[in-house]
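Engineer: File start_18.cif follows (mmCIF, C-alpha atoms and all ligand atoms):
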```cif
data_work
#
loop_
_atom_site.label_atom_id
_atom_site.label_comp_id
_atom_site.auth_asym_id
_atom_site.auth_seq_id
_atom_site.Cartn_x
_atom_site.Cartn_y
_atom_site.Cartn_z
CA MET Q 14 8.17 -26.36 -13.49
CA GLU Q 15 4.50 -25.39 -13.57
CA LYS Q 16 3.12 -25.09 -17.10
CA LYS Q 17 2.32 -21.65 -18.45
CA VAL Q 18 -1.27 -21.13 -19.62
CA ALA Q 19 -2.13 -19.25 -22.82
CA ILE Q 20 -5.37 -18.17 -24.47
CA VAL Q 21 -5.17 -17.65 -28.25
CA THR Q 22 -8.25 -16.11 -29.87
CA GLY Q 23 -9.31 -16.96 -33.42
CA ALA Q 24 -7.03 -20.00 -33.35
CA SER Q 25 -8.72 -22.43 -35.73
CA ARG Q 26 -6.84 -21.23 -38.82
CA GLY Q 27 -4.22 -18.86 -40.22
CA ILE Q 28 -1.96 -16.90 -37.87
CA GLY Q 29 -3.86 -17.89 -34.70
CA ARG Q 30 -3.58 -21.59 -35.50
CA SER Q 31 0.14 -21.26 -36.08
CA ILE Q 32 0.61 -19.41 -32.77
CA ALA Q 33 -1.49 -21.98 -30.85
CA TYR Q 34 0.46 -24.83 -32.46
CA LEU Q 35 3.88 -23.38 -31.65
CA LEU Q 36 3.00 -22.46 -28.06
CA ALA Q 37 1.54 -25.93 -27.44
CA LYS Q 38 4.65 -27.59 -28.92
CA LYS Q 39 6.73 -25.47 -26.57
CA GLY Q 40 4.99 -27.02 -23.56
CA ILE Q 41 2.51 -24.23 -22.84
CA LYS Q 42 -1.07 -25.20 -21.94
CA VAL Q 43 -3.06 -23.68 -24.80
CA ILE Q 44 -6.71 -22.74 -24.83
CA ALA Q 45 -7.48 -22.28 -28.50
CA ASN Q 46 -10.56 -20.15 -29.10
CA TYR Q 47 -12.66 -20.38 -32.24
CA ASN Q 48 -15.92 -18.78 -33.24
CA GLN Q 49 -17.35 -20.75 -36.14
CA SER Q 50 -14.89 -23.37 -37.40
CA GLU Q 51 -15.32 -26.16 -34.88
CA GLU Q 52 -14.10 -28.73 -37.41
CA LYS Q 53 -10.83 -26.87 -38.00
CA ALA Q 54 -10.30 -26.35 -34.26
CA ARG Q 55 -10.85 -30.09 -33.74
CA GLU Q 56 -8.31 -30.84 -36.50
CA LEU Q 57 -5.72 -28.72 -34.66
CA LYS Q 58 -6.47 -30.52 -31.40
CA GLU Q 59 -6.18 -33.94 -33.07
CA GLU Q 60 -2.95 -33.02 -34.85
CA LEU Q 61 -1.37 -32.11 -31.50
CA GLU Q 62 -2.81 -35.18 -29.79
CA LYS Q 63 -0.78 -37.32 -32.20
CA GLU Q 64 2.25 -35.80 -30.47
CA ASN Q 65 0.74 -36.39 -27.01
CA ILE Q 66 -0.03 -32.71 -26.57
CA ASN Q 67 -3.46 -31.79 -25.22
CA ILE Q 68 -5.07 -28.43 -25.89
CA ASP Q 69 -8.53 -27.10 -25.06
CA ILE Q 70 -10.69 -25.76 -27.87
CA ILE Q 71 -13.36 -23.32 -26.74
CA LYS Q 72 -16.06 -21.74 -28.85
CA ALA Q 73 -16.67 -18.06 -28.11
CA ASP Q 74 -17.42 -14.91 -30.06
CA VAL Q 75 -14.89 -12.64 -28.35
CA SER Q 76 -16.63 -9.53 -29.65
CA LYS Q 77 -19.32 -10.25 -27.03
CA ARG Q 78 -18.54 -9.52 -23.37
CA GLU Q 79 -20.39 -12.53 -21.97
CA GLU Q 80 -18.68 -14.98 -24.34
CA ALA Q 81 -15.23 -13.49 -23.75
CA LYS Q 82 -15.89 -13.71 -20.00
CA ARG Q 83 -16.89 -17.37 -20.33
CA LEU Q 84 -13.68 -18.12 -22.26
CA VAL Q 85 -11.53 -16.49 -19.57
CA GLN Q 86 -13.52 -18.14 -16.77
CA PHE Q 87 -12.93 -21.53 -18.39
CA ALA Q 88 -9.17 -20.92 -18.20
CA ILE Q 89 -9.30 -19.78 -14.57
CA ASN Q 90 -11.59 -22.61 -13.46
CA SER Q 91 -9.37 -25.16 -15.22
CA TYR Q 92 -5.89 -23.85 -14.46
CA GLU Q 93 -6.38 -21.02 -11.91
CA LYS Q 94 -4.27 -18.61 -13.94
CA ILE Q 95 -3.59 -17.11 -17.35
CA ASP Q 96 0.02 -16.26 -18.18
CA ILE Q 97 -0.35 -15.34 -21.84
CA LEU Q 98 -3.12 -13.76 -23.90
CA ILE Q 99 -2.85 -13.56 -27.68
CA ASN Q 100 -5.55 -11.31 -29.14
CA ASN Q 101 -5.47 -12.57 -32.71
CA ALA Q 102 -9.16 -12.74 -33.73
CA GLY Q 103 -10.01 -10.27 -36.44
CA ILE Q 104 -11.85 -9.66 -39.67
CA ALA Q 105 -10.95 -7.77 -42.84
CA GLU Q 106 -13.02 -5.27 -44.83
CA TYR Q 107 -12.55 -3.72 -48.27
CA LYS Q 108 -14.94 -0.93 -49.22
CA LEU Q 109 -14.99 2.61 -50.52
CA PHE Q 110 -15.06 4.94 -47.51
CA THR Q 111 -18.14 6.72 -48.86
CA GLU Q 112 -20.04 3.42 -48.92
CA GLU Q 113 -19.21 2.32 -45.39
CA THR Q 114 -22.23 2.01 -43.10
CA ASP Q 115 -22.66 2.19 -39.34
CA GLU Q 116 -23.11 -1.60 -39.42
CA ASP Q 117 -19.69 -1.95 -41.11
CA TRP Q 118 -18.14 0.27 -38.45
CA ASN Q 119 -19.71 -1.68 -35.60
CA ARG Q 120 -18.83 -5.07 -37.10
CA VAL Q 121 -15.16 -4.29 -37.74
CA ILE Q 122 -14.56 -2.30 -34.56
CA ASN Q 123 -16.31 -4.91 -32.41
CA ASN Q 124 -14.50 -7.89 -33.90
CA ASN Q 125 -11.06 -6.29 -34.09
CA LEU Q 126 -10.84 -3.71 -31.30
CA TYR Q 127 -13.62 -4.23 -28.76
CA SER Q 128 -12.71 -7.94 -28.62
CA ALA Q 129 -9.12 -7.06 -27.65
CA PHE Q 130 -10.35 -4.49 -25.08
CA VAL Q 131 -12.72 -6.99 -23.48
CA MET Q 132 -10.23 -9.85 -23.47
CA CYS Q 133 -7.47 -7.65 -21.98
CA GLN Q 134 -9.86 -6.47 -19.28
CA GLU Q 135 -11.12 -9.93 -18.33
CA VAL Q 136 -7.65 -11.49 -18.34
CA SER Q 137 -5.75 -8.68 -16.66
CA LYS Q 138 -7.77 -9.04 -13.44
CA ASN Q 139 -6.22 -12.49 -13.00
CA MET Q 140 -2.78 -11.38 -14.22
CA ILE Q 141 -2.70 -8.45 -11.76
CA GLN Q 142 -3.49 -10.84 -8.90
CA ASN Q 143 -0.62 -13.09 -10.00
CA LYS Q 144 1.72 -10.18 -10.77
CA ASN Q 145 2.61 -11.84 -14.03
CA GLY Q 146 1.43 -11.71 -17.62
CA CYS Q 147 2.22 -11.34 -21.29
CA ILE Q 148 -0.37 -9.88 -23.65
CA ILE Q 149 0.26 -9.81 -27.40
CA ASN Q 150 -2.19 -8.03 -29.67
CA ILE Q 151 -2.10 -8.79 -33.39
CA SER Q 152 -2.60 -5.46 -35.15
CA SER Q 153 -1.47 -4.67 -38.73
CA ILE Q 154 0.82 -2.39 -40.70
CA TRP Q 155 -2.39 -0.65 -41.78
CA GLY Q 156 -2.84 0.54 -38.21
CA MET Q 157 0.56 2.23 -38.55
CA VAL Q 158 0.32 3.74 -42.03
CA GLY Q 159 -3.36 3.46 -43.07
CA ALA Q 160 -4.83 1.62 -46.05
CA SER Q 161 -7.05 2.91 -48.80
CA LEU Q 162 -10.35 0.97 -48.97
CA GLU Q 163 -9.69 -0.37 -45.46
CA VAL Q 164 -10.39 2.72 -43.40
CA ILE Q 165 -12.33 1.07 -40.58
CA TYR Q 166 -9.87 -1.83 -40.48
CA SER Q 167 -6.99 0.67 -40.23
CA VAL Q 168 -8.78 2.52 -37.41
CA SER Q 169 -9.39 -0.73 -35.54
CA LYS Q 170 -5.74 -1.74 -35.78
CA ALA Q 171 -4.44 1.73 -34.84
CA GLY Q 172 -6.77 1.45 -31.84
CA ILE Q 173 -5.18 -1.85 -30.90
CA ASP Q 174 -1.74 -0.23 -30.93
CA GLY Q 175 -3.06 2.58 -28.70
CA LEU Q 176 -4.51 -0.02 -26.34
CA THR Q 177 -1.15 -1.79 -26.27
CA LYS Q 178 0.85 1.32 -25.41
CA ALA Q 179 -1.52 2.62 -22.72
CA LEU Q 180 -1.97 -0.79 -21.11
CA ALA Q 181 1.78 -1.39 -21.09
CA LYS Q 182 2.11 1.70 -18.90
CA GLU Q 183 -0.82 0.86 -16.62
CA LEU Q 184 -0.02 -2.83 -16.20
CA GLY Q 185 3.78 -2.67 -16.24
CA PRO Q 186 4.00 -2.18 -12.44
CA SER Q 187 2.07 -5.47 -12.10
CA ASN Q 188 4.75 -7.22 -14.18
CA ILE Q 189 2.45 -7.55 -17.19
CA ARG Q 190 4.02 -6.92 -20.59
CA VAL Q 191 1.79 -5.75 -23.44
CA ASN Q 192 2.99 -5.63 -27.05
CA SER Q 193 1.55 -5.54 -30.56
CA ILE Q 194 2.72 -7.47 -33.58
CA ALA Q 195 1.78 -5.60 -36.77
CA PRO Q 196 2.07 -8.02 -39.71
CA GLY Q 197 2.40 -7.06 -43.34
CA THR Q 198 0.82 -9.39 -45.90
CA ILE Q 199 0.70 -12.94 -44.56
CA ASP Q 200 -0.40 -15.93 -46.59
CA THR Q 201 -3.75 -16.80 -44.95
CA ASP Q 202 -7.44 -17.04 -45.89
CA MET Q 203 -7.73 -13.33 -45.08
CA ASN Q 204 -5.86 -12.63 -48.34
CA LYS Q 205 -7.53 -15.27 -50.48
CA GLY Q 206 -9.22 -12.44 -52.44
CA LEU Q 207 -5.84 -11.31 -53.81
CA THR Q 208 -5.07 -12.48 -57.36
CA LYS Q 209 -1.81 -14.23 -58.24
CA GLN Q 210 -0.73 -11.07 -60.04
CA GLU Q 211 -1.46 -8.87 -57.01
CA LEU Q 212 0.55 -11.23 -54.80
CA LYS Q 213 3.43 -11.11 -57.29
CA ILE Q 214 3.42 -7.30 -57.25
CA LEU Q 215 3.41 -7.34 -53.45
CA GLU Q 216 6.43 -9.63 -53.46
CA GLU Q 217 8.23 -7.39 -55.91
CA VAL Q 218 7.76 -4.25 -53.82
CA THR Q 219 8.87 -6.02 -50.62
CA PRO Q 220 12.63 -5.74 -50.00
CA LEU Q 221 12.84 -9.37 -48.83
CA GLY Q 222 10.98 -10.41 -52.01
CA LYS Q 223 8.27 -12.48 -50.33
CA ILE Q 224 5.07 -12.27 -48.35
CA GLY Q 225 4.99 -13.71 -44.84
CA LYS Q 226 3.84 -17.05 -43.49
CA PRO Q 227 1.76 -17.53 -40.32
CA GLU Q 228 4.83 -19.20 -38.77
CA ASP Q 229 6.76 -15.91 -39.11
CA ILE Q 230 4.28 -14.31 -36.72
CA ALA Q 231 4.27 -17.32 -34.39
CA LYS Q 232 8.07 -17.15 -34.09
CA CYS Q 233 7.85 -13.51 -32.97
CA VAL Q 234 5.15 -14.44 -30.44
CA ASN Q 235 7.47 -17.14 -29.14
CA TRP Q 236 10.23 -14.57 -28.68
CA LEU Q 237 7.92 -12.08 -26.92
CA VAL Q 238 6.68 -14.81 -24.59
CA GLU Q 239 10.27 -15.56 -23.54
CA ASP Q 240 11.41 -11.95 -23.35
CA GLU Q 241 11.26 -10.06 -20.04
CA PHE Q 242 12.06 -6.43 -20.90
CA THR Q 243 9.95 -5.52 -23.95
CA THR Q 244 6.67 -3.74 -23.38
CA GLY Q 245 4.48 -1.15 -25.11
CA GLN Q 246 6.06 -1.87 -28.50
CA VAL Q 247 4.54 -2.34 -31.95
CA ILE Q 248 6.73 -4.83 -33.78
CA SER Q 249 6.08 -4.89 -37.49
CA LEU Q 250 6.89 -8.06 -39.43
CA ASN Q 251 6.55 -7.14 -43.07
CA GLY Q 252 9.66 -8.13 -45.03
CA GLY Q 253 10.71 -4.47 -45.17
CA TRP Q 254 7.59 -3.48 -47.12
CA VAL Q 255 6.81 -0.73 -44.60
CA ILE Q 256 9.70 0.83 -42.71
CA THR Q 257 8.76 3.72 -40.43
P1 LIG Q 301 -8.04 -15.50 -40.78
O1 LIG Q 301 -9.25 -14.89 -41.35
O2 LIG Q 301 -7.51 -16.74 -41.38
O3 LIG Q 301 -8.20 -15.75 -39.21
C1 LIG Q 301 -8.89 -14.89 -38.36
C2 LIG Q 301 -9.61 -15.76 -37.34
O4 LIG Q 301 -10.24 -14.93 -36.37
C3 LIG Q 301 -10.71 -16.60 -38.00
O5 LIG Q 301 -10.59 -17.95 -37.59
C4 LIG Q 301 -11.99 -15.98 -37.45
O6 LIG Q 301 -13.07 -16.89 -37.32
C5 LIG Q 301 -11.51 -15.48 -36.10
N1 LIG Q 301 -12.41 -14.46 -35.55
C6 LIG Q 301 -12.83 -13.31 -36.12
N2 LIG Q 301 -13.68 -12.67 -35.32
C7 LIG Q 301 -13.80 -13.44 -34.19
C8 LIG Q 301 -14.54 -13.32 -32.99
N3 LIG Q 301 -15.34 -12.27 -32.79
N4 LIG Q 301 -14.42 -14.29 -32.05
C9 LIG Q 301 -13.59 -15.35 -32.24
N5 LIG Q 301 -12.88 -15.53 -33.37
C10 LIG Q 301 -12.99 -14.59 -34.34
O7 LIG Q 301 -6.94 -14.35 -40.87
P2 LIG Q 301 -5.43 -14.25 -40.35
O8 LIG Q 301 -4.68 -13.68 -41.47
O9 LIG Q 301 -4.97 -15.48 -39.69
O10 LIG Q 301 -5.62 -13.08 -39.27
C11 LIG Q 301 -5.27 -13.17 -37.91
C12 LIG Q 301 -5.04 -11.76 -37.37
O11 LIG Q 301 -3.93 -11.18 -38.05
C13 LIG Q 301 -6.22 -10.82 -37.58
O12 LIG Q 301 -6.38 -10.00 -36.45
C14 LIG Q 301 -5.77 -9.99 -38.78
O13 LIG Q 301 -6.39 -8.72 -38.82
C15 LIG Q 301 -4.28 -9.90 -38.53
N6 LIG Q 301 -3.49 -9.57 -39.73
C16 LIG Q 301 -3.47 -10.42 -40.79
C17 LIG Q 301 -2.71 -10.07 -41.92
C18 LIG Q 301 -2.63 -10.94 -43.14
O14 LIG Q 301 -2.07 -10.48 -44.16
N7 LIG Q 301 -3.14 -12.17 -43.13
C19 LIG Q 301 -2.00 -8.87 -41.92
C20 LIG Q 301 -2.06 -8.03 -40.81
C21 LIG Q 301 -2.81 -8.41 -39.72
#
```
Turn the structure described in the file into structure tokens.

Structural biologist:
Amino acid sequence: MEKKVAIVTGASRGIGRSIAYLLAKKGIKVIANYNQSEEKARELKEELEKENINIDIIKADVSKREEAKRLVQFAINSYEKIDILINNAGIAEYKLFTEETDEDWNRVINNNLYSAFVMCQEVSKNMIQNKNGCIINISSIWGMVGASLEVIYSVSKAGIDGLTKALAKELGPSNIRVNSIAPGTIDTDMNKGLTKQELKILEEVTPLGKIGKPEDIAKCVNWLVEDEFTTGQVISLNGGWVIT
């Protein structure tokens, strides 16, 4: 059977790395995007090569139209199609709302939301032609319930969920499924600012008594890639911390 082709953005570390790793192990041709960490992206490639699995690592700042376009064009030139897009790239921000600047707004919205918009747009042209596609946007529980000191981040992630729902309706007739995964706290560099005590409190208030691992998100991606009837949904993996 012909190999599926997947683009994973922000794949050099954390959740994106775990998703790229699992999809590659599953036999999917993975194009792992990174922005700055070439060394880490190379490490991922080399780790998979030890298992005779070859992935492409492509540098691109997906918050810029031209770079996102180049990433997508690489996939089409190399493999003629894109079956799966995982919009994972994102940045965090912690600041008092009254101290946020226009630069903060532009930085967070561009990296978290505009990047997903641009990538969906560039990729969906090819998916519509092929009448096949699976798009998974990584949002956050904060997009669902809002977070103090993370107002712009929450807006960006709520925007991603809006994008997911609207696109699911528009692209469904072309057999393209669009879903969001909204993680709770996951053990990655994004949370390295949290103290041991803060992490302990988080675990205590979470019904399952633990914070998540990047692999927890990758497993859900794996399921959504296989599934054929789920679209327009926001699936929150958070150990029961937030139940809406
Ligand atoms: P991370 O900081 O380890 O990884 C994010 C990656 O995205 C980094 O490698 C970064 O370089 C990349 N990136 C950011 N902007 C980019 C751009 N413009 N172009 C290309 N790459 C870019 O964090 P993570 O925890 O692995 O986060 C992955 C996703 O999951 C993010 O969208 C984040 O908002 C979301 N998320 C994380 C948590 C958590 O608790 N860790 C919770 C909810 C949602």

Engineer: Write out as a PyMOL selection string which residues come within 10 Å of Thr201 of chain Q when counting all atoms listed in the file, dropping same-chain ones fewer than 5 positions away.

Structural biologist: chain Q and resi 26-28+225-227

Engineer: Kindly assemble as a Markdown table a list of the chain Q residues that lie within 6 Å of ligand LIG 301 (chain Q), each paired with its nearest atom pair and their distance in Å to one decimal, using all atoms listed in the file, sorted first by chain and then by ascending residue number.

Structural biologist:
```
| residue | atom | partner | partner_atom | distance |
| --- | --- | --- | --- | --- |
| Q:Thr22 | CA | Q:LIG301 | N5 | 5.8 |
| Q:Gly23 | CA | Q:LIG301 | O4 | 3.7 |
| Q:Ala24 | CA | Q:LIG301 | O5 | 5.9 |
| Q:Ser25 | CA | Q:LIG301 | O5 | 5.2 |
| Q:Arg26 | CA | Q:LIG301 | O5 | 5.1 |
| Q:Gly27 | CA | Q:LIG301 | O9 | 3.5 |
| Q:Ile28 | CA | Q:LIG301 | O9 | 3.8 |
| Q:Gly29 | CA | Q:LIG301 | O9 | 5.7 |
| Q:Tyr47 | CA | Q:LIG301 | N5 | 5.0 |
| Q:Asn48 | CA | Q:LIG301 | C9 | 4.3 |
| Q:Gln49 | CA | Q:LIG301 | O6 | 5.9 |
| Q:Ala73 | CA | Q:LIG301 | C9 | 5.8 |
| Q:Asp74 | CA | Q:LIG301 | N4 | 3.7 |
| Q:Val75 | CA | Q:LIG301 | N4 | 4.1 |
| Q:Ser76 | CA | Q:LIG301 | N3 | 4.4 |
| Q:Asn101 | CA | Q:LIG301 | O12 | 4.6 |
| Q:Ala102 | CA | Q:LIG301 | O4 | 3.6 |
| Q:Gly103 | CA | Q:LIG301 | O12 | 3.6 |
| Q:Ile104 | CA | Q:LIG301 | C6 | 5.2 |
| Q:Asn124 | CA | Q:LIG301 | N3 | 4.6 |
| Q:Ile151 | CA | Q:LIG301 | O12 | 5.4 |
| Q:Ser152 | CA | Q:LIG301 | C21 | 5.4 |
| Q:Ser153 | CA | Q:LIG301 | C20 | 4.0 |
| Q:Pro196 | CA | Q:LIG301 | C20 | 4.3 |
| Q:Gly197 | CA | Q:LIG301 | C19 | 5.0 |
| Q:Thr198 | CA | Q:LIG301 | O14 | 3.5 |
| Q:Ile199 | CA | Q:LIG301 | O14 | 3.7 |
| Q:Asp200 | CA | Q:LIG301 | N7 | 5.8 |
| Q:Thr201 | CA | Q:LIG301 | O8 | 4.8 |
| Q:Asp202 | CA | Q:LIG301 | O2 | 4.5 |
| Q:Met203 | CA | Q:LIG301 | O1 | 4.3 |
| Q:Asn204 | CA | Q:LIG301 | N7 | 5.9 |
```

Engineer: Enter the distance from atom CA of Asn46 of chain Q to atom CA of Arg78 of chain Q, in Å, rounded to one decimal.

Structural biologist: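 According to the coordinates, atom CA of Asn46 of chain Q and atom CA of Arg78 of chain Q are separated by 14.5 Å.
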
Engineer: May I have the protein, DNA and RNA residues with an atom at most 12 Å from (3.5, -3.3, -18.9), counting only C-alpha atoms in the file's coordinates, returned as a ChimeraX atom specification?

Structural biologist: /Q:137,140-141,144-149,176-192,241-246

Engineer: Using all atoms listed in the file, which of Q:Glu211, Q:Glu239, Q:Glu135, Q:Asp229 sits nearest Phe87 of chain Q?

Structural biologist: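 Closest to Phe87 of chain Q of all the choices is Q:Glu135.
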
Engineer: Quote the spacing between atom CA of Ala19 of chain Q and atom CA of Ile99 of chain Q in Å to one decimal place.

Structural biologist: 7.5 Å

Engineer: Separation of atom CA of Asn235 of chain Q and atom CA of Leu36 of chain Q, in Å?

Structural biologist: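 Straight-line distance from atom CA of Asn235 of chain Q to atom CA of Leu36 of chain Q works out to 7.0 Å.
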
Engineer: Using only C-alpha atoms, can you list as a VMD selection string the residues within 12 Å of (-8.3, -29.2, -36.6)?

Structural biologist: chain Q and resid 24 to 27 30 to 31 33 to 34 45 to 47 50 to 63 68 to 70

Engineer: Got a sec: who's within 9 Å of Lys17 of chain Q, counting all atoms listed in the file, leaving out chain neighbours fewer than 5 positions off, as a list in words?

Structural biologist: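 Returned residues: Gly40, Ile41, Lys42, Val43, Lys94, Ile95, Asp96 and Ile97 of chain Q.
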
Engineer: For each of Q:Lys170, Q:Arg120, Q:Lys138, Q:Lys108, take the minimum atom-to-atom distance to Val85 of chain Q, counting all atoms listed in the file, then give the residue where this is smallest.

Structural biologist: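 Nearest candidate to Val85 of chain Q out of Q:Lys170, Q:Arg120, Q:Lys138, Q:Lys108: Q:Lys138.
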
Engineer: Using the file's own x, y and z axes, what box holds all listed atoms of segment 172-191 of chain Q with 6 Å on each side, keeping edges along x, y and z, and what are its centre and edge lengths in Å to one decimal, as AutoDock Vina command-line options?

Structural biologist:
```
--center_x -1.0 --center_y -2.5 --center_z -22.0 --size_x 23.5 --size_y 22.2 --size_z 31.7
```
